[in-house]
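Contents: one structure, followed by commentary.
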Amino acid sequence: MIIGHNILVKAIPFLKELPCDSLFFVIDDACYSALPDDFVSFIATYPSLRLEIVSEEKDTPLLARVWDWLHKEGASRKSVLVLIGGGTLTDVGGFCCRYLYERYSYGQYYKRLCSVWLMPL
């Protein structure tokens, strides 16, 4: 988890060097306007999904929307999902990552963190 406005800009080189086949960003609309311009420019080059998150909607439809988007965009167990938002988004994104990893590695133990959690203040 990376917390802080300035740290997001410093995270760009780290994210560029991650050993993954692709990066995906899911962003809570409430957080998008607070993102630094450099970070917004960076994520514009990757698949991203902006969501209006309401805590009461933390249910199957939200999960299905994120999952369908990841599937359509070609996410794999070697992908990294960057979540920018609060608890509801990280719950849903974390579930998607865990399921995606387990789907392709049935019977193996969980060896790799397949998500990076980012929450700007």
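Every chain in the structure tokens has a letter given in the order shown (A, B, ...), and although residue numbers restart at 1 in each chain, ligands are simply numbered from 1 in the order shown.
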
- Message: Need the shell around Ala44 in chain A: protein/DNA/RNA residues with any atom at most 12 Å away, counting only C-alpha atoms. Skip same-chain ones fewer than 6 positions apart. Format as an NGL selection string?
- Response: :A and (23-27 or 37-38 or 50)

N, CA and C atoms of the current selection, written as an mmCIF file, in the first residue's frame:
```cif
data_model
loop_
_atom_site.group_PDB
_atom_site.id
_atom_site.type_symbol
_atom_site.label_atom_id
_atom_site.label_comp_id
_atom_site.auth_asym_id
_atom_site.auth_seq_id
_atom_site.Cartn_x
_atom_site.Cartn_y
_atom_site.Cartn_z
ATOM 1 N N LEU A 23 0.123 -3.914 -16.919
ATOM 2 C CA LEU A 23 -0.424 -3.172 -15.783
ATOM 3 C C LEU A 23 -1.856 -2.789 -16.097
ATOM 4 N N PHE A 24 -2.711 -2.853 -15.093
ATOM 5 C CA PHE A 24 -4.106 -2.425 -15.210
ATOM 6 C C PHE A 24 -4.408 -1.515 -14.030
ATOM 7 N N PHE A 25 -5.169 -0.461 -14.275
ATOM 8 C CA PHE A 25 -5.529 0.488 -13.225
ATOM 9 C C PHE A 25 -7.039 0.532 -13.063
ATOM 10 N N VAL A 26 -7.496 0.410 -11.827
ATOM 11 C CA VAL A 26 -8.902 0.632 -11.488
ATOM 12 C C VAL A 26 -8.913 1.784 -10.491
ATOM 13 N N ILE A 27 -9.675 2.821 -10.829
ATOM 14 C CA ILE A 27 -9.621 4.073 -10.080
ATOM 15 C C ILE A 27 -11.011 4.481 -9.620
ATOM 16 N N ASP A 37 -0.858 15.319 -11.815
ATOM 17 C CA ASP A 37 -0.893 15.319 -13.282
ATOM 18 C C ASP A 37 0.086 14.330 -13.889
ATOM 19 N N ASP A 38 1.277 14.208 -13.319
ATOM 20 C CA ASP A 38 2.268 13.256 -13.839
ATOM 21 C C ASP A 38 1.761 11.826 -13.756
ATOM 22 N N ARG A 50 -12.409 3.544 -14.620
ATOM 23 C CA ARG A 50 -12.849 4.460 -13.562
ATOM 24 C C ARG A 50 -14.234 4.043 -13.108
#
```

- Task: Fewer than 4 positions away in the same chain doesn't count, so skip those; otherwise give me all residues within 10 Å of Trp69 in chain A, counting only C-alpha atoms, as a PyMOL selection string.
- Result: chain A and resi 24+26+47-49+63-65+73-75

Written selection (N, CA and C atoms) as an mmCIF file, in the first residue's frame:
```
data_model
loop_
_atom_site.group_PDB
_atom_site.id
_atom_site.type_symbol
_atom_site.label_atom_id
_atom_site.label_comp_id
_atom_site.auth_asym_id
_atom_site.auth_seq_id
_atom_site.Cartn_x
_atom_site.Cartn_y
_atom_site.Cartn_z
ATOM 1 N N PHE A 24 -2.711 -2.853 -15.093
ATOM 2 C CA PHE A 24 -4.106 -2.425 -15.210
ATOM 3 C C PHE A 24 -4.408 -1.515 -14.030
ATOM 4 N N VAL A 26 -7.496 0.410 -11.827
ATOM 5 C CA VAL A 26 -8.902 0.632 -11.488
ATOM 6 C C VAL A 26 -8.913 1.784 -10.491
ATOM 7 N N PRO A 47 -4.337 0.268 -19.775
ATOM 8 C CA PRO A 47 -5.782 0.076 -19.603
ATOM 9 C C PRO A 47 -6.210 0.538 -18.216
ATOM 10 N N SER A 48 -7.274 1.326 -18.179
ATOM 11 C CA SER A 48 -7.761 1.789 -16.881
ATOM 12 C C SER A 48 -9.284 1.824 -16.876
ATOM 13 N N LEU A 49 -9.827 1.610 -15.701
ATOM 14 C CA LEU A 49 -11.272 1.599 -15.493
ATOM 15 C C LEU A 49 -11.576 2.543 -14.346
ATOM 16 N N LEU A 63 -18.242 -6.517 -8.604
ATOM 17 C CA LEU A 63 -17.229 -7.538 -8.828
ATOM 18 C C LEU A 63 -17.266 -8.010 -10.286
ATOM 19 N N ALA A 64 -18.471 -8.251 -10.805
ATOM 20 C CA ALA A 64 -18.622 -8.707 -12.188
ATOM 21 C C ALA A 64 -18.116 -7.659 -13.175
ATOM 22 N N ARG A 65 -18.375 -6.391 -12.883
ATOM 23 C CA ARG A 65 -17.923 -5.327 -13.791
ATOM 24 C C ARG A 65 -16.404 -5.283 -13.869
ATOM 25 N N GLU A 73 -9.749 -7.049 -21.256
ATOM 26 C CA GLU A 73 -8.454 -6.418 -21.493
ATOM 27 C C GLU A 73 -7.289 -7.407 -21.536
ATOM 28 N N GLY A 74 -7.553 -8.682 -21.222
ATOM 29 C CA GLY A 74 -6.523 -9.711 -21.337
ATOM 30 C C GLY A 74 -5.629 -9.893 -20.130
ATOM 31 N N ALA A 75 -6.139 -9.626 -18.943
ATOM 32 C CA ALA A 75 -5.338 -9.817 -17.727
ATOM 33 C C ALA A 75 -4.985 -11.289 -17.558
#
```

Spatial neighbours of Ile12 in chain A, max dist 10 Å, only C-alpha atoms, sep filter under 4 positions, as a compact mmCIF listing (two decimals) with N, CA and C atoms, in the first residue's frame:
```txt
# COMPACT_ATOMS: atom_id res chain seq x y z
N ILE A 7 4.12 10.53 -3.11
CA ILE A 7 4.64 9.18 -3.30
C ILE A 7 4.10 8.57 -4.60
N LEU A 8 2.90 8.97 -5.02
CA LEU A 8 2.36 8.44 -6.27
C LEU A 8 3.28 8.77 -7.44
N LYS A 16 6.89 1.02 -13.59
CA LYS A 16 7.44 0.74 -14.92
C LYS A 16 8.35 -0.47 -14.92
N GLU A 17 9.00 -0.73 -13.80
CA GLU A 17 9.97 -1.83 -13.71
C GLU A 17 9.40 -3.13 -13.16
N ASP A 38 1.28 14.21 -13.32
CA ASP A 38 2.27 13.26 -13.84
C ASP A 38 1.76 11.83 -13.76
N PHE A 39 1.06 11.52 -12.68
CA PHE A 39 0.54 10.17 -12.51
C PHE A 39 -0.62 9.91 -13.46
N PHE A 42 0.81 9.18 -16.77
CA PHE A 42 1.39 7.83 -16.77
C PHE A 42 0.32 6.76 -16.97
N ILE A 43 -0.76 6.84 -16.20
CA ILE A 43 -1.78 5.79 -16.30
C ILE A 43 -2.58 5.86 -17.60
```

- Looking at only C-alpha atoms, which of A:Leu89, A:Leu15, A:Val80, A:Cys96 is the one that sits closest to Leu51 in chain A?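 Ranked by minimum distance to Leu51 in chain A, first place goes to A:Leu89.
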
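Among the candidates A:Pro19, A:His71, A:Val66, A:Ala11, the one nearest to Thr90 in chain A when counting only C-alpha atoms is A:Val66.
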
- May I ask for the distance between CA of Ile53 in chain A and CA of Asp28 in chain A, given in Å to one decimal place? 6.1 Å
